[in-house]
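Heads up: the structure comes next, in structure tokens.
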Amino acid sequence: MFRNLLPAVVLLGVASIPHAAHAATPFELKSVKLDLPDSDKMFPDGPGSDVINNNCIACHSADMVLNQPLLSKQAWAAEVNKMINNYKAPIATEDVGAIVKYLTAFKGAK
Amino acid sequence: MAENGAFYRTMTRRQLLAAASAAGVALSKPAWAQSMIDLPLPGGPGARQVTTSFPQKGPMILQRTRPPLLETPFEVFDKGVFTPNDQFYVRWHWAVIPTDIDIGKFSLTVRGHVNQTLSLSLNDILHGLPSVQLAAVNQCSGNSRGFFQPRVPGGEWANGAMGNALWTGVRLKDVLDKAGVKPGAVQVRFKGLDEPVVADAPHFMKSLDIDHARDGEVMIAYAMNGEQLPLVNGFPLRLVVPGWYATYWVKMLNDIEVLDQPDTNYWTKVAYTIPDTPHASTKPGETGVKMIPINRMVPRSFVTNIASGTKVKAAAPMTLRGIAFGGDCGVASVDFSIDRGKSWHQAQLGKDEGKYGFRQWQTQLTLPGAGEYSLLVRCTNSNGVAQPDVPNWNPAGFMRNVMESIDAIAV
């Protein structure tokens, strides 16, 4: 659709503008109403799976975590603390250890 | 050099079962209805669903369902320099994303250090300001993060967190001029409609320096590739910052604030920072490195018509084809090597659709005898910057642009 604007652009003499060309076609937007899919995926059963399911998947689906590479316990602790300190995840202090332990057991670098 | 295939093999059901059981993943039944892909990420896991369940989107590699992280399947990049809207990658920070947008009610506010606060309707923007068009690559700061070694946490993308579109919209400069920027303005901050789940978490906002914001190139787009943006790509308005990483391209843009002090918000000052070193590179564990906000993109090039590991005929001409982009400027040349970088040959460049966009390249070559070859490809941009032959590393997994390599087996 935009290609047939080129002659108009040349006539207007703005073709010399390197980064932008005037578009003349009337363009209309349409309202959008739709639904985004959700994920019902939970963290696999294991010690602490209830804790991680209860604390983590309100803000993001579990697939993000399951797609992570194996990381050290230190790196997992840093991730959990980033969620709490930077992204204000309301995780109770007593749950932090269980979450880090679960992640390290499940996806810890050996 | 990066040994990344242009295409990644589709997994068989048996491989998938093995991967799923090894990872202890409980796959729900509907997952079987979707195909899988295996991204060649070192150390894995590389198995991902290819989902078609997002509205206005075609098949996408599912990195995260909520908030959505959707990767463009790499074969899309072989079809042309413009990435189709329905397969353009998607990346959101926060999960509260409006899904019901009435174009009659939407407004864009311009406020702060200005003479006159504005509330612009979409009609004001579409019909009250000069319209401009520009081709530009939108690339996630962490595109290709999954190839970092050692691996780093984050969105574990292969090479498909990028796309090129022809953006139509209005100049940010014209919008700022309409409000009248007061003397002493230093930055402009942009915010969209998305919100964090947790109320006191930092709303996603990004800032540009005032001169950058007024350079006449930064634009507010209402169309990509001639159509309105898919909702998950930022409908109805998205900031377009040519040559800069996508973190600045704020989606569902509804608030522009002119600042008379430097922005100290989390997303500008803390997140999306890179080491102030060549190639934004550090060593794992290195501390005390000065960090700066990520900014201009760097050159990249890819082979798109041959997957790594492909068998080809020895001593017979073959076509090698791909895409390149210069980063913050145009592509000067794309060169390839069949002898691990000892000698280089220039590829032919396709039509220039704009210096900030993808540029297709193509060449004919002959692999002289049977054997395994690494085909290297390297972009040099019009500022004379070439892709490096060793990968960069930083803890956030940003700005990968090492020259790519494709294995070809001549038989």
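By order of appearance in the structure tokens: chains A, B, ..., then residues from 1 within every chain, and ligands from 1 in the order shown.
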Proximal residues of chain A relative to chain B (only C-alpha atoms; 10 Å) as a ChimeraX atom specification: /A:1-2,18-46,57-71,75-76,79,83-90,106-107
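On the backbone of this structure, DSSP gives alpha helix (DSSP H) within stretch 188-258 of chain B to B:Ile210, B:Asp211, B:His212, B:Ala213.
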Nearby residues (only C-alpha atoms) at most 9 Å from B:Leu70, same-chain spacing under 5 positions excluded, as a ChimeraX atom specification: /B:51,60-65,87-91,160-161
Within 10 Å of stretch 258-260 of chain B using only C-alpha atoms, minus same-chain residues under 6 positions, as a PyMOL selection string: chain B and resi 110-114+176+179+181-190+207-210+213
Expected file: the selected residues, N, CA, C and O atoms, as a PDB file, in the first residue's frame:
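Produced file selection-v3.pdb, reproduced below:
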ATOM      1  N   VAL B 110       0.827  14.429  27.047  1.00  0.00           N
ATOM      2  CA  VAL B 110       2.163  15.022  27.008  1.00  0.00           C
ATOM      3  C   VAL B 110       2.205  16.058  28.118  1.00  0.00           C
ATOM      4  O   VAL B 110       1.379  16.984  28.139  1.00  0.00           O
ATOM      5  N   ARG B 111       3.098  15.865  29.062  1.00  0.00           N
ATOM      6  CA  ARG B 111       3.054  16.718  30.259  1.00  0.00           C
ATOM      7  C   ARG B 111       4.463  16.946  30.785  1.00  0.00           C
ATOM      8  O   ARG B 111       5.437  16.545  30.174  1.00  0.00           O
ATOM      9  N   GLY B 112       4.543  17.584  31.939  1.00  0.00           N
ATOM     10  CA  GLY B 112       5.833  17.835  32.570  1.00  0.00           C
ATOM     11  C   GLY B 112       6.345  19.218  32.235  1.00  0.00           C
ATOM     12  O   GLY B 112       5.599  20.197  32.282  1.00  0.00           O
ATOM     13  N   HIS B 113       7.617  19.262  31.832  1.00  0.00           N
ATOM     14  CA  HIS B 113       8.291  20.537  31.622  1.00  0.00           C
ATOM     15  C   HIS B 113       7.945  21.084  30.231  1.00  0.00           C
ATOM     16  O   HIS B 113       8.804  21.249  29.358  1.00  0.00           O
ATOM     17  N   VAL B 114       6.660  21.373  30.060  1.00  0.00           N
ATOM     18  CA  VAL B 114       6.160  21.882  28.775  1.00  0.00           C
ATOM     19  C   VAL B 114       5.283  23.115  29.020  1.00  0.00           C
ATOM     20  O   VAL B 114       4.788  23.328  30.134  1.00  0.00           O
ATOM     21  N   LEU B 176       6.183  16.949  20.649  1.00  0.00           N
ATOM     22  CA  LEU B 176       6.807  17.764  21.699  1.00  0.00           C
ATOM     23  C   LEU B 176       6.686  19.252  21.383  1.00  0.00           C
ATOM     24  O   LEU B 176       6.427  20.072  22.272  1.00  0.00           O
ATOM     25  N   ALA B 179       3.381  20.676  22.330  1.00  0.00           N
ATOM     26  CA  ALA B 179       3.253  20.974  23.756  1.00  0.00           C
ATOM     27  C   ALA B 179       4.159  22.141  24.158  1.00  0.00           C
ATOM     28  O   ALA B 179       3.856  22.863  25.116  1.00  0.00           O
ATOM     29  N   VAL B 181       8.296  22.504  24.539  1.00  0.00           N
ATOM     30  CA  VAL B 181       9.258  22.107  25.574  1.00  0.00           C
ATOM     31  C   VAL B 181       9.875  23.357  26.191  1.00  0.00           C
ATOM     32  O   VAL B 181      10.332  24.247  25.481  1.00  0.00           O
ATOM     33  N   LYS B 182       9.861  23.425  27.520  1.00  0.00           N
ATOM     34  CA  LYS B 182      10.425  24.599  28.198  1.00  0.00           C
ATOM     35  C   LYS B 182      11.948  24.508  28.248  1.00  0.00           C
ATOM     36  O   LYS B 182      12.506  23.409  28.267  1.00  0.00           O
ATOM     37  N   PRO B 183      12.610  25.661  28.289  1.00  0.00           N
ATOM     38  CA  PRO B 183      14.073  25.638  28.452  1.00  0.00           C
ATOM     39  C   PRO B 183      14.434  24.867  29.723  1.00  0.00           C
ATOM     40  O   PRO B 183      13.716  24.952  30.726  1.00  0.00           O
ATOM     41  N   GLY B 184      15.532  24.138  29.663  1.00  0.00           N
ATOM     42  CA  GLY B 184      15.959  23.391  30.854  1.00  0.00           C
ATOM     43  C   GLY B 184      15.512  21.945  30.858  1.00  0.00           C
ATOM     44  O   GLY B 184      15.865  21.188  31.760  1.00  0.00           O
ATOM     45  N   ALA B 185      14.747  21.534  29.838  1.00  0.00           N
ATOM     46  CA  ALA B 185      14.351  20.124  29.750  1.00  0.00           C
ATOM     47  C   ALA B 185      15.590  19.274  29.466  1.00  0.00           C
ATOM     48  O   ALA B 185      16.438  19.662  28.679  1.00  0.00           O
ATOM     49  N   VAL B 186      15.708  18.125  30.146  1.00  0.00           N
ATOM     50  CA  VAL B 186      16.885  17.282  29.923  1.00  0.00           C
ATOM     51  C   VAL B 186      16.538  15.913  29.334  1.00  0.00           C
ATOM     52  O   VAL B 186      17.310  15.346  28.568  1.00  0.00           O
ATOM     53  N   GLN B 187      15.414  15.360  29.727  1.00  0.00           N
ATOM     54  CA  GLN B 187      15.031  14.044  29.217  1.00  0.00           C
ATOM     55  C   GLN B 187      13.527  14.001  28.979  1.00  0.00           C
ATOM     56  O   GLN B 187      12.779  14.850  29.463  1.00  0.00           O
ATOM     57  N   VAL B 188      13.118  12.975  28.236  1.00  0.00           N
ATOM     58  CA  VAL B 188      11.695  12.729  28.014  1.00  0.00           C
ATOM     59  C   VAL B 188      11.428  11.281  28.411  1.00  0.00           C
ATOM     60  O   VAL B 188      12.141  10.371  27.983  1.00  0.00           O
ATOM     61  N   ARG B 189      10.406  11.090  29.256  1.00  0.00           N
ATOM     62  CA  ARG B 189      10.118   9.757  29.773  1.00  0.00           C
ATOM     63  C   ARG B 189       8.816   9.232  29.182  1.00  0.00           C
ATOM     64  O   ARG B 189       7.840   9.962  29.048  1.00  0.00           O
ATOM     65  N   PHE B 190       8.830   7.937  28.848  1.00  0.00           N
ATOM     66  CA  PHE B 190       7.715   7.309  28.136  1.00  0.00           C
ATOM     67  C   PHE B 190       7.147   6.166  28.967  1.00  0.00           C
ATOM     68  O   PHE B 190       7.883   5.374  29.539  1.00  0.00           O
ATOM     69  N   SER B 207      13.433   6.460  29.309  1.00  0.00           N
ATOM     70  CA  SER B 207      13.690   7.862  28.960  1.00  0.00           C
ATOM     71  C   SER B 207      14.748   7.994  27.879  1.00  0.00           C
ATOM     72  O   SER B 207      15.644   7.163  27.772  1.00  0.00           O
ATOM     73  N   LEU B 208      14.603   9.056  27.115  1.00  0.00           N
ATOM     74  CA  LEU B 208      15.622   9.448  26.125  1.00  0.00           C
ATOM     75  C   LEU B 208      16.063  10.877  26.448  1.00  0.00           C
ATOM     76  O   LEU B 208      15.267  11.683  26.954  1.00  0.00           O
ATOM     77  N   ASP B 209      17.303  11.202  26.115  1.00  0.00           N
ATOM     78  CA  ASP B 209      17.762  12.576  26.264  1.00  0.00           C
ATOM     79  C   ASP B 209      16.934  13.483  25.357  1.00  0.00           C
ATOM     80  O   ASP B 209      16.482  13.062  24.287  1.00  0.00           O
ATOM     81  N   ILE B 210      16.779  14.726  25.784  1.00  0.00           N
ATOM     82  CA  ILE B 210      15.884  15.648  25.080  1.00  0.00           C
ATOM     83  C   ILE B 210      16.304  15.832  23.613  1.00  0.00           C
ATOM     84  O   ILE B 210      15.446  15.860  22.714  1.00  0.00           O
ATOM     85  N   ALA B 213      15.271  12.795  21.673  1.00  0.00           N
ATOM     86  CA  ALA B 213      13.811  12.796  21.511  1.00  0.00           C
ATOM     87  C   ALA B 213      13.367  13.764  20.420  1.00  0.00           C
ATOM     88  O   ALA B 213      12.357  13.553  19.752  1.00  0.00           O
TER      89      ALA B 213
END
Secondary structure check, strand (DSSP E or B) residues of stretch 242-375 of chain B, as a PyMOL selection string: chain B and resi 244+253-259+273-275+291-293+296+300-303+310-312+317-325+331-337+345-346+348-349+359-366+371-375
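Here atom CA of B:Asn392 and atom CA of B:Asp339 stand 22.8 Å from one another.
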